[in-house]
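With compact mmCIF, C-alpha atoms and all ligand atoms inside, this is structure35.txt:
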```
# COMPACT_ATOMS: atom_id res chain seq x y z
CA MET B 25 7.36 -2.16 -11.03
CA SER B 26 5.33 0.99 -10.55
CA PHE B 27 2.32 1.52 -8.31
CA PRO B 28 0.08 4.34 -9.54
CA LEU B 29 -2.87 5.20 -7.30
CA PRO B 30 -5.89 3.30 -8.69
CA ALA B 31 -8.05 5.43 -11.00
CA ALA B 32 -11.11 5.25 -8.71
CA LEU B 33 -9.08 6.68 -5.83
CA THR B 34 -7.52 9.40 -7.97
CA ALA B 35 -10.99 10.41 -9.12
CA ALA B 36 -12.32 10.32 -5.55
CA THR B 37 -9.48 12.46 -4.17
CA GLU B 38 -10.03 14.99 -6.98
CA ASN B 39 -13.73 14.92 -6.24
CA LEU B 40 -13.13 15.69 -2.55
CA ALA B 41 -11.18 18.77 -3.67
CA SER B 42 -13.61 19.79 -6.40
CA GLY B 43 -15.20 22.69 -4.50
CA ILE B 44 -11.86 24.21 -3.53
CA ARG B 45 -9.92 26.59 -5.79
CA GLN B 46 -6.61 25.21 -7.01
CA SER B 47 -4.70 28.17 -5.54
CA GLU B 48 -6.31 27.42 -2.14
CA ILE B 49 -5.27 23.72 -2.35
CA ALA B 50 -1.67 24.71 -3.08
CA LYS B 51 -1.73 27.23 -0.20
CA ARG B 52 -3.17 24.63 2.20
CA TRP B 53 -0.60 22.03 1.18
CA ALA B 54 2.26 24.51 1.64
CA SER B 55 1.11 25.25 5.19
CA ILE B 56 0.47 21.55 6.04
CA SER B 57 3.90 20.66 4.78
CA ALA B 58 5.48 23.50 6.83
CA ARG B 59 3.71 22.18 9.96
CA TYR B 60 4.98 18.65 9.28
CA ARG B 61 8.52 19.99 8.79
CA GLU B 62 8.25 21.76 12.18
CA GLY B 63 7.62 18.32 13.70
CA LYS B 64 3.88 18.83 14.30
CA GLY B 65 1.74 15.72 13.91
CA SER B 66 -1.32 15.26 11.72
CA GLN B 67 -3.57 16.23 14.64
CA VAL B 68 -2.29 19.80 14.24
CA ALA B 69 -1.41 19.72 10.53
CA ILE B 70 -4.75 18.34 9.30
CA ALA B 71 -7.70 19.96 11.05
CA SER B 72 -10.42 20.40 8.41
CA PRO B 73 -11.91 18.62 5.39
CA ASP B 74 -10.15 21.12 3.07
CA GLU B 75 -6.80 20.23 4.61
CA VAL B 76 -7.52 16.52 4.14
CA ALA B 77 -8.34 17.22 0.50
CA ALA B 78 -5.03 19.03 0.02
CA TYR B 79 -3.16 16.22 1.80
CA LEU B 80 -4.80 13.55 -0.36
CA LEU B 81 -3.92 15.29 -3.62
CA ALA B 82 -0.35 16.01 -2.58
CA ARG B 83 0.59 12.89 -0.62
CA MET B 84 -1.67 9.89 -1.20
CA PRO B 85 -0.14 8.80 -4.55
CA ALA B 86 3.35 8.69 -3.00
CA THR B 87 2.40 6.94 0.25
CA PHE B 88 0.34 4.41 -1.74
CA ALA B 89 3.35 3.71 -3.98
CA ALA B 90 5.76 3.33 -1.06
CA VAL B 91 3.48 0.99 0.90
CA SER B 92 2.74 -1.06 -2.24
CA ALA B 93 6.46 -1.45 -3.02
CA SER B 94 7.17 -2.48 0.59
CA LEU B 95 4.37 -5.06 0.66
CA CYS B 96 5.60 -6.48 -2.68
CA ALA B 97 9.16 -6.77 -1.35
CA ALA B 98 7.89 -8.72 1.68
CA SER B 99 5.55 -10.94 -0.34
CA GLU B 100 8.37 -11.83 -2.75
CA LEU B 101 10.02 -13.66 0.15
CA MET B 102 6.73 -15.13 1.45
CA PRO B 103 4.98 -16.11 -1.80
CA SER B 104 2.40 -18.32 -0.12
CA PHE B 105 1.32 -15.61 2.35
CA SER B 106 -2.17 -14.45 1.47
CA PRO B 107 -3.90 -12.73 4.38
CA SER B 108 -7.65 -12.55 4.90
CA SER B 109 -7.59 -9.99 7.74
CA LEU B 110 -5.96 -6.57 7.98
CA LEU B 111 -5.37 -4.13 10.81
CA ASP B 112 -4.32 -0.66 9.59
CA LEU B 113 -2.97 1.40 12.49
CA CYS B 114 -2.78 5.20 12.26
CA ALA B 115 -4.62 4.53 9.02
CA GLY B 116 -5.30 8.12 7.97
CA PRO B 117 -7.28 7.93 4.70
CA ALA B 118 -6.69 4.12 4.57
CA THR B 119 -3.79 4.40 2.12
CA ALA B 120 -2.02 1.26 3.38
CA SER B 121 -5.30 -0.69 3.30
CA PHE B 122 -5.85 0.20 -0.34
CA ALA B 123 -2.27 -0.87 -1.13
CA ALA B 124 -2.73 -4.17 0.73
CA LEU B 125 -6.04 -4.85 -0.99
CA SER B 126 -4.48 -4.20 -4.41
CA LEU B 127 -1.91 -6.90 -3.70
CA TRP B 128 -4.18 -9.29 -1.78
CA PRO B 129 -7.80 -8.80 -2.95
CA GLY B 130 -8.76 -11.81 -0.79
CA ILE B 131 -8.57 -9.69 2.39
CA SER B 132 -12.12 -9.73 3.71
CA SER B 133 -11.85 -8.22 7.18
CA VAL B 134 -10.37 -4.74 7.71
CA THR B 135 -10.01 -2.67 10.87
CA LEU B 136 -8.78 0.93 10.64
CA LEU B 137 -7.65 2.94 13.63
CA ASP B 138 -6.89 6.64 13.71
CA THR B 139 -7.26 9.52 16.07
CA ASN B 140 -8.04 12.14 13.41
CA PRO B 141 -11.77 12.28 12.50
CA PHE B 142 -11.14 14.21 9.26
CA PHE B 143 -8.89 11.43 7.99
CA LEU B 144 -11.39 8.74 9.00
CA ASP B 145 -14.19 10.60 7.18
CA ALA B 146 -12.01 10.64 4.06
CA ALA B 147 -11.30 6.92 4.46
CA HIS B 148 -15.09 6.33 4.46
CA VAL B 149 -15.58 8.36 1.28
CA LEU B 150 -12.62 6.75 -0.50
CA GLY B 151 -13.75 3.29 0.60
CA ASP B 152 -17.19 3.86 -0.91
CA ALA B 153 -15.67 5.24 -4.12
CA SER B 154 -13.25 2.32 -4.42
CA GLY B 155 -16.09 -0.19 -4.62
CA ILE B 156 -14.01 -2.57 -2.45
CA ALA B 157 -16.41 -4.38 -0.14
CA ALA B 158 -13.80 -5.10 2.56
CA ILE B 159 -13.12 -1.37 3.02
CA ARG B 160 -16.75 -0.34 2.73
CA GLN B 161 -17.55 -2.77 5.52
CA ALA B 162 -14.40 -2.04 7.55
CA LYS B 163 -14.50 -1.46 11.28
CA PHE B 164 -13.43 2.12 12.04
CA VAL B 165 -11.86 2.77 15.44
CA HIS B 166 -11.61 6.46 16.29
CA SER B 167 -8.99 6.42 19.00
CA THR B 168 -5.34 6.92 19.80
CA LEU B 169 -3.10 3.91 19.49
CA GLY B 170 -2.37 3.95 23.21
CA SER B 171 -5.96 3.94 24.44
CA ALA B 172 -7.43 1.50 21.89
CA ARG B 173 -5.10 -1.36 22.58
CA SER B 174 -7.59 -3.69 24.24
CA GLU B 175 -10.33 -3.25 21.62
CA LEU B 176 -8.08 -3.99 18.67
CA PRO B 177 -8.41 -7.37 16.97
CA SER B 178 -5.50 -9.49 15.84
CA ALA B 179 -5.00 -9.75 12.09
CA GLU B 180 -2.88 -11.74 9.68
CA LEU B 181 -1.56 -8.49 8.22
CA VAL B 182 -0.87 -5.46 10.41
CA VAL B 183 0.36 -2.25 8.77
CA MET B 184 1.38 1.14 10.06
CA SER B 185 2.50 3.68 7.48
CA TYR B 186 4.00 7.14 7.90
CA ALA B 187 3.05 7.33 11.56
CA LEU B 188 6.06 6.30 13.70
CA VAL B 189 7.37 9.75 12.87
CA GLU B 190 4.40 11.24 14.77
CA LEU B 191 4.86 9.13 17.89
CA ASN B 192 6.88 9.94 20.99
CA THR B 193 10.30 8.32 20.39
CA ALA B 194 10.50 7.04 23.94
CA GLU B 195 7.28 5.02 23.44
CA ILE B 196 8.12 3.45 20.07
CA ALA B 197 9.79 0.25 21.31
CA THR B 198 6.89 -0.56 23.67
CA LEU B 199 4.30 0.28 21.01
CA ALA B 200 6.16 -1.84 18.42
CA ARG B 201 6.01 -4.84 20.77
CA HIS B 202 2.34 -4.26 21.40
CA ILE B 203 1.56 -3.86 17.68
CA TRP B 204 3.50 -7.07 17.00
CA SER B 205 1.30 -8.90 19.51
CA HIS B 206 -1.69 -8.13 17.20
CA SER B 207 -0.09 -9.72 14.13
CA THR B 208 -0.61 -13.40 13.43
CA GLY B 209 1.23 -13.28 10.06
CA LEU B 210 3.04 -10.20 8.84
CA LEU B 211 3.71 -6.77 10.35
CA LEU B 212 4.83 -3.90 8.14
CA PHE B 213 6.05 -0.43 9.08
CA VAL B 214 6.66 2.15 6.32
CA GLU B 215 8.20 5.55 7.03
CA PRO B 216 9.58 8.52 5.11
CA GLY B 217 13.07 7.75 3.78
CA THR B 218 14.67 10.41 5.96
CA PRO B 219 17.28 10.07 8.72
CA GLU B 220 14.46 10.50 11.28
CA GLY B 221 12.25 7.86 9.63
CA PHE B 222 15.22 5.49 9.55
CA ARG B 223 16.05 6.16 13.21
CA ARG B 224 12.52 5.22 14.24
CA ILE B 225 12.52 2.12 12.05
CA LEU B 226 15.76 1.01 13.74
CA ILE B 227 14.09 1.29 17.17
CA CYS B 228 11.35 -1.11 15.97
CA ARG B 229 13.95 -3.39 14.36
CA ASP B 230 15.91 -3.76 17.60
CA ALA B 231 12.78 -4.22 19.72
CA LEU B 232 11.21 -6.91 17.53
CA ILE B 233 14.41 -8.88 16.86
CA LYS B 234 14.67 -9.14 20.67
CA GLU B 235 11.06 -10.43 20.70
CA GLY B 236 12.09 -13.28 18.37
CA ALA B 237 10.10 -11.99 15.35
CA HIS B 238 11.39 -13.14 11.94
CA LEU B 239 12.83 -10.20 10.03
CA VAL B 240 11.55 -10.51 6.45
CA ALA B 241 12.72 -7.36 4.67
CA PRO B 242 14.53 -5.23 3.77
CA CYS B 243 17.46 -6.51 5.86
CA PRO B 244 18.78 -9.97 4.88
CA HIS B 245 20.27 -10.39 8.39
CA VAL B 246 19.58 -9.57 12.02
CA ALA B 247 23.05 -8.17 12.79
CA SER B 248 23.40 -4.45 13.56
CA CYS B 249 22.63 -2.21 10.60
CA PRO B 250 25.92 -1.67 8.73
CA MET B 251 24.85 1.60 7.08
CA PRO B 252 27.54 4.08 8.17
CA PRO B 253 26.19 7.42 9.46
CA PRO B 254 25.50 10.02 8.15
CA ALA B 255 24.13 7.65 5.44
CA TRP B 256 20.79 6.03 6.20
CA CYS B 257 19.06 3.08 4.61
CA HIS B 258 16.18 4.01 2.32
CA PHE B 259 14.73 3.28 -1.09
CA THR B 260 12.86 5.34 -3.67
CA GLU B 261 9.73 4.72 -5.65
CA ARG B 262 9.01 6.68 -8.84
CA LEU B 263 5.36 7.51 -9.40
CA PRO B 264 3.35 9.42 -11.97
CA ARG B 265 1.86 12.82 -11.06
CA SER B 266 -1.58 13.76 -12.32
CA ARG B 267 -2.22 17.40 -13.24
CA ARG B 268 -4.01 18.08 -9.91
CA HIS B 269 -1.20 16.38 -7.98
CA ARG B 270 1.36 18.57 -9.78
CA LEU B 271 -0.61 21.74 -9.18
CA ALA B 272 -1.17 20.93 -5.49
CA LYS B 273 2.58 20.73 -5.00
CA GLY B 274 3.50 23.54 -7.39
CA ALA B 275 5.63 20.99 -9.25
CA GLN B 276 6.66 21.08 -12.90
CA VAL B 277 7.45 17.48 -13.86
CA ASN B 278 4.90 14.69 -14.27
CA PHE B 279 6.58 12.22 -11.91
CA GLU B 280 8.06 12.23 -8.42
CA ASP B 281 10.53 10.08 -6.51
CA GLU B 282 9.31 9.13 -3.05
CA PRO B 283 12.06 8.19 -0.58
CA TYR B 284 10.88 5.63 1.97
CA ILE B 285 12.06 3.00 4.41
CA TYR B 286 10.17 -0.05 5.58
CA LEU B 287 10.45 -3.01 7.90
CA ALA B 288 8.56 -6.29 7.67
CA PHE B 289 8.43 -8.99 10.36
CA ALA B 290 6.68 -12.36 10.18
CA ARG B 291 5.57 -15.03 12.62
CA LYS B 292 6.94 -17.79 10.37
CA GLY B 293 10.43 -17.98 8.90
CA LEU B 294 11.03 -16.92 5.29
CA GLU B 295 10.14 -19.21 2.40
CA LEU B 296 12.92 -17.64 0.31
CA ARG B 297 16.11 -16.27 1.80
CA PRO B 298 17.95 -13.63 -0.23
CA ARG B 299 21.73 -13.42 -0.23
CA GLY B 300 21.45 -9.67 0.01
CA ARG B 301 19.57 -6.55 -0.97
CA ILE B 302 20.68 -3.71 -3.25
CA VAL B 303 20.92 -0.60 -1.08
CA SER B 304 22.22 1.93 -3.62
CA ARG B 305 21.35 3.22 -7.04
CA VAL B 306 22.33 0.77 -9.77
CA ARG B 307 25.00 2.67 -11.73
CA VAL B 308 25.75 1.72 -15.34
CA SER B 309 29.19 2.63 -16.71
CA LYS B 310 31.34 1.52 -19.64
CA ALA B 311 32.91 -1.15 -17.44
CA GLY B 312 29.70 -2.62 -16.14
CA VAL B 313 26.93 -2.22 -13.58
CA ARG B 314 27.86 -1.19 -10.04
CA PHE B 315 25.76 -1.33 -6.89
CA THR B 316 26.06 -1.83 -3.13
CA VAL B 317 24.61 -4.92 -1.50
CA CYS B 318 23.68 -5.34 2.16
CA GLY B 319 24.53 -9.01 2.64
CA GLU B 320 23.33 -11.89 4.76
CA ASP B 321 26.58 -11.56 6.74
CA GLY B 322 25.46 -8.07 7.86
CA ARG B 323 28.06 -6.24 5.75
CA LEU B 324 27.88 -3.74 2.90
CA THR B 325 29.76 -4.77 -0.24
CA ASP B 326 30.30 -2.84 -3.48
CA GLU B 327 29.72 -5.22 -6.35
CA MET B 328 30.07 -5.04 -10.10
CA ALA B 329 28.58 -7.01 -12.98
CA PRO B 330 31.15 -6.46 -15.76
CA ARG B 331 29.94 -5.84 -19.30
CA ARG B 332 31.96 -8.85 -20.50
CA ASP B 333 29.76 -11.24 -18.41
CA ARG B 334 26.82 -10.74 -20.71
CA GLY B 335 24.21 -12.78 -18.84
CA ILE B 336 24.85 -11.23 -15.43
CA TYR B 337 25.33 -7.79 -16.95
CA ALA B 338 21.99 -7.95 -18.77
CA LYS B 339 20.25 -9.12 -15.57
CA MET B 340 21.83 -6.47 -13.35
CA ARG B 341 21.15 -3.67 -15.83
CA ARG B 342 17.48 -4.34 -15.14
CA ALA B 343 18.00 -4.56 -11.36
CA GLU B 344 16.79 -1.74 -9.16
CA TRP B 345 17.69 -0.17 -5.85
CA GLY B 346 15.84 -2.21 -3.22
CA ASP B 347 15.77 -5.50 -5.14
CA ALA B 348 16.61 -8.68 -3.25
CA SER B 349 19.55 -10.54 -4.76
CA PHE B 350 19.55 -14.30 -4.61
CA SER B 351 23.02 -15.07 -5.98
CA ARG B 352 26.43 -13.42 -5.91
CA GLN B 353 26.81 -11.45 -9.12
CA THR B 354 30.55 -11.20 -9.47
CA GLY B 355 33.60 -9.60 -7.94
CA GLU B 356 35.85 -7.29 -9.90
C1 LIG B 401 1.03 11.12 8.00
S1 LIG B 401 -0.46 10.36 8.43
C2 LIG B 401 -0.34 8.80 7.58
C3 LIG B 401 -1.65 8.17 7.37
C4 LIG B 401 -1.67 6.85 6.62
N1 LIG B 401 -1.16 5.76 7.41
C5 LIG B 401 -0.98 6.96 5.29
O1 LIG B 401 0.06 6.30 5.09
O2 LIG B 401 -1.46 7.68 4.43
C6 LIG B 401 -0.20 9.86 10.11
C7 LIG B 401 -1.46 9.35 10.76
O3 LIG B 401 -1.17 8.86 12.05
C8 LIG B 401 -2.25 9.23 12.91
N2 LIG B 401 -1.76 9.20 14.29
C9 LIG B 401 -0.69 9.84 14.78
N3 LIG B 401 -0.53 9.54 16.09
C10 LIG B 401 -1.53 8.69 16.41
C11 LIG B 401 -1.90 8.00 17.61
N4 LIG B 401 -1.19 8.14 18.72
N5 LIG B 401 -2.97 7.20 17.59
C12 LIG B 401 -3.68 7.05 16.44
N6 LIG B 401 -3.39 7.67 15.28
C13 LIG B 401 -2.32 8.46 15.27
C14 LIG B 401 -2.64 10.60 12.41
O4 LIG B 401 -3.93 10.98 12.83
C15 LIG B 401 -2.52 10.41 10.91
O5 LIG B 401 -3.71 9.95 10.35
```

How does the structure come out when it is put into structure tokens?
Ligand SMILES: C[S@@+](CC[C@H](N)C(=O)[O-])C[C@H]1O[C@@H](n2cnc3c(N)ncnc32)[C@H](O)[C@@H]1O
Amino acid sequence: MSFPLPAALTAATENLASGIRQSEIAKRWASISARYREGKGSQVAIASPDEVAAYLLARMPATFAAVSASLCAASELMPSFSPSSLLDLCAGPATASFAALSLWPGISSVTLLDTNPFFLDAAHVLGDASGIAAIRQAKFVHSTLGSARSELPSAELVVMSYALVELNTAEIATLARHIWSHSTGLLLFVEPGTPEGFRRILICRDALIKEGAHLVAPCPHVASCPMPPPAWCHFTERLPRSRRHRLAKGAQVNFEDEPYIYLAFARKGLELRPRGRIVSRVRVSKAGVRFTVCGEDGRLTDEMAPRRDRGIYAKMRRAEWGDASFSRQTGE
């Protein structure tokens, strides 16, 4: 499945950048991206409306796609979950809220928290442009996560995307427990699919398993992560690039692959329990289709669907990295 940024949001992000020369957008994005790579947070990296505009053109399609894919993976295992309230923490331009509302249009109450006023202004503008009433009427909390804790509501769906990487590592476990206390249904973290994003996701995983939260996805088990370092668990989402998106990043091709990692916890146990999840590319050869599965026993197994088993082969040829698997395919 692919998750292109909705047309109204693409148009609104292009509109926000309309008064800025294309060369200036590309220059701004290059310097924002350098600041992020140096480990600076958005508070330093994004400090003007022009910088928000560059960020939106360069990054929003990819973060929207990654959050959408993560929410879909969780909802596949909780098909009856249909939240009516949403709390988007470190919301930035409300990317995760737009992804959640695309999947669950019945969400009627939205709270967005962020410390960066330029991002919150953009969230207002994009909310108006989207025509989605729940975002237009959302409650905006301009605060840091730490100081807003008591004024935050609980919500059936709590999301935090691409922000753990900006928090102090030593505080993540405590913050994860606190964030969990605000979720009455599902909590989702999404992070860049980098070793650092993975490391931070693992801190949340350990902390919330200890809290007794039900781990929904991606892991089909609560044992220690079997991914052997220096490998790290992540997935990728392919998304289309518009002309402005391409120009903002100085890119040539009209698509990009966004690496991401996510973690979903629920209050209730799963409705469907997968046997495993595909944690590698699905490789097609003359002999068959090969892939690695992280199993319910907490182990990684290389599996193959041989070409001679036509039914399984045809099914696994269509399978993708990140898919849940509900039955053993075959051994060799
Ligand atoms: C990379 S942006 C991601 C924004 C958005 N969640 C998305 O996926 O597009 C990280 C966001 O986290 C916010 N942030 C970082 N530390 C924060 C804190 N301690 N309290 C509140 N917001 C914070 C930043 O202001 C920024 O908007």

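Nearest-residue note for ligand LIG 401 (chain B): choosing from B:Ala86, B:Val277, B:Leu95, B:Ile203, the minimum distance belongs to B:Ala86, counting all atoms listed in the file.
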
Env of segment 78-84 of chain B: 7 Å cut, atoms = all atoms listed in the file, seq-sep filter 4 positions within chain, self excluded. Answer as number ranges by chain. B: 37-38, 49, 52-53, 74, 88, 119, 268-269, 272-273

Rank nothing, just name the residue among B:Ser185, B:Asn278, B:Asn140, B:Ser309 nearest to Leu113 of chain B, using only C-alpha atoms. B:Ser185

Need to verify the contact set: Pro254 of chain B, 12 Å, all atoms listed in the file, exclusion of same-chain residues closer than 5 positions in sequence. Can you return it as a PyMOL selection string? chain B and resi 218-220+222-223

Distance query Arg297 of chain B at most 12 Å, only C-alpha atoms, self and fewer than 3 positions along chain excluded, as a compact mmCIF listing (two decimals) with C-alpha atoms, in the frame of the given file:
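around_32.txt, freshly written:
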```txt
# COMPACT_ATOMS: atom_id res chain seq x y z
CA ALA B 98 7.89 -8.72 1.68
CA GLU B 100 8.37 -11.83 -2.75
CA LEU B 101 10.02 -13.66 0.15
CA MET B 102 6.73 -15.13 1.45
CA PRO B 103 4.98 -16.11 -1.80
CA HIS B 238 11.39 -13.14 11.94
CA LEU B 239 12.83 -10.20 10.03
CA VAL B 240 11.55 -10.51 6.45
CA ALA B 241 12.72 -7.36 4.67
CA PRO B 242 14.53 -5.23 3.77
CA CYS B 243 17.46 -6.51 5.86
CA PRO B 244 18.78 -9.97 4.88
CA HIS B 245 20.27 -10.39 8.39
CA GLY B 293 10.43 -17.98 8.90
CA LEU B 294 11.03 -16.92 5.29
CA GLY B 300 21.45 -9.67 0.01
CA ARG B 301 19.57 -6.55 -0.97
CA GLY B 319 24.53 -9.01 2.64
CA GLU B 320 23.33 -11.89 4.76
CA ALA B 348 16.61 -8.68 -3.25
CA SER B 349 19.55 -10.54 -4.76
CA PHE B 350 19.55 -14.30 -4.61
CA SER B 351 23.02 -15.07 -5.98
```

Between atom CA of Val165 of chain B and atom CA of Phe289 of chain B - distance in Å to one decimal: 24.0 Å

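Nearest residue to Ala71 of chain B, choosing from B:Ala93, B:Ala120, B:Asp112, B:Phe143 and counting all atoms listed in the file: B:Phe143.
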
Give the residue list for ligand LIG 401 (chain B) at 7 Å, counting only C-alpha atoms and all ligand atoms, as a PDB file with C-alpha atoms, in the frame of the given file, sorted by chain and then by residue number.
```pdb
ATOM      1  CA  GLY B  65       1.740  15.720  13.910  1.00  0.00           C
ATOM      2  CA  SER B  66      -1.320  15.260  11.720  1.00  0.00           C
ATOM      3  CA  GLN B  67      -3.570  16.230  14.640  1.00  0.00           C
ATOM      4  CA  MET B  84      -1.670   9.890  -1.200  1.00  0.00           C
ATOM      5  CA  THR B  87       2.400   6.940   0.250  1.00  0.00           C
ATOM      6  CA  LEU B 113      -2.970   1.400  12.490  1.00  0.00           C
ATOM      7  CA  CYS B 114      -2.780   5.200  12.260  1.00  0.00           C
ATOM      8  CA  ALA B 115      -4.620   4.530   9.020  1.00  0.00           C
ATOM      9  CA  GLY B 116      -5.300   8.120   7.970  1.00  0.00           C
ATOM     10  CA  PRO B 117      -7.280   7.930   4.700  1.00  0.00           C
ATOM     11  CA  ALA B 118      -6.690   4.120   4.570  1.00  0.00           C
ATOM     12  CA  THR B 119      -3.790   4.400   2.120  1.00  0.00           C
ATOM     13  CA  ALA B 120      -2.020   1.260   3.380  1.00  0.00           C
ATOM     14  CA  LEU B 137      -7.650   2.940  13.630  1.00  0.00           C
ATOM     15  CA  ASP B 138      -6.890   6.640  13.710  1.00  0.00           C
ATOM     16  CA  THR B 139      -7.260   9.520  16.070  1.00  0.00           C
ATOM     17  CA  ASN B 140      -8.040  12.140  13.410  1.00  0.00           C
ATOM     18  CA  PHE B 143      -8.890  11.430   7.990  1.00  0.00           C
ATOM     19  CA  SER B 167      -8.990   6.420  19.000  1.00  0.00           C
ATOM     20  CA  THR B 168      -5.340   6.920  19.800  1.00  0.00           C
ATOM     21  CA  LEU B 169      -3.100   3.910  19.490  1.00  0.00           C
ATOM     22  CA  GLY B 170      -2.370   3.950  23.210  1.00  0.00           C
ATOM     23  CA  MET B 184       1.380   1.140  10.060  1.00  0.00           C
ATOM     24  CA  SER B 185       2.500   3.680   7.480  1.00  0.00           C
ATOM     25  CA  TYR B 186       4.000   7.140   7.900  1.00  0.00           C
ATOM     26  CA  ALA B 187       3.050   7.330  11.560  1.00  0.00           C
ATOM     27  CA  GLU B 190       4.400  11.240  14.770  1.00  0.00           C
ATOM     28  CA  LEU B 191       4.860   9.130  17.890  1.00  0.00           C
TER      29      LEU B 191
END
```

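Minimum atom-to-atom distance to Ser47 of chain B, evaluated using all atoms listed in the file, belongs to B:Leu271 out of B:Ala31, B:Ala123, B:Cys249, B:Leu271.
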
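Rounded to one decimal, atom CA of Ala179 of chain B and atom CA of Ser205 of chain B lie 9.8 Å from each other.
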
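Shortest separation to Ser72 of chain B among B:Pro107, B:Ala162, B:Val214, B:Ala146 occurs at residue B:Ala146, atoms counted being only C-alpha atoms.
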
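For the pair atom CA of Pro73 of chain B and atom CA of Arg265 of chain B, the separation is 22.2 Å.
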
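With distances taken over all atoms listed in the file, B:Leu111 is the one residue among B:Leu226, B:Ala275, B:Leu111, B:Ile156 lying closest to Trp204 of chain B.
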
Around all the atoms of segment 143-156 of chain B listed in the file, draw an axis-aligned box and extend it by 8 Å on each of the six sides; I want its centre and edge lengths in Å to one decimal, as AutoDock Vina command-line options.
```
--center_x -13.0 --center_y 4.4 --center_z 2.2 --size_x 24.3 --size_y 30.0 --size_z 29.6
```

Would you kindly return, as number ranges by chain, each protein, DNA or RNA residue with an atom no farther than 8 Å from any atom of Leu232 of chain B, considering all atoms listed in the file and excluding same-chain residues fewer than 3 positions away? B: 200-201, 204, 228-229, 235-237, 289

With C-alpha atoms retained, export the selected residues as a short mmCIF file (atom, residue, chain, number, x, y, z; two decimals), keeping the file's coordinate frame.
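Output file part-v3.cif follows:
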```cif
data_model
loop_
_atom_site.label_atom_id
_atom_site.label_comp_id
_atom_site.auth_asym_id
_atom_site.auth_seq_id
_atom_site.Cartn_x
_atom_site.Cartn_y
_atom_site.Cartn_z
CA ALA B 200 6.16 -1.84 18.42
CA ARG B 201 6.01 -4.84 20.77
CA TRP B 204 3.50 -7.07 17.00
CA CYS B 228 11.35 -1.11 15.97
CA ARG B 229 13.95 -3.39 14.36
CA GLU B 235 11.06 -10.43 20.70
CA GLY B 236 12.09 -13.28 18.37
CA ALA B 237 10.10 -11.99 15.35
CA PHE B 289 8.43 -8.99 10.36
#
```

Extract, using only C-alpha atoms, all DNA, RNA and protein residues at most 7 Å from Ala89 of chain B, discarding same-chain residues fewer than 2 positions from it, and format them as a PyMOL selection string. chain B and resi 27-28+85-87+91-93+261+263
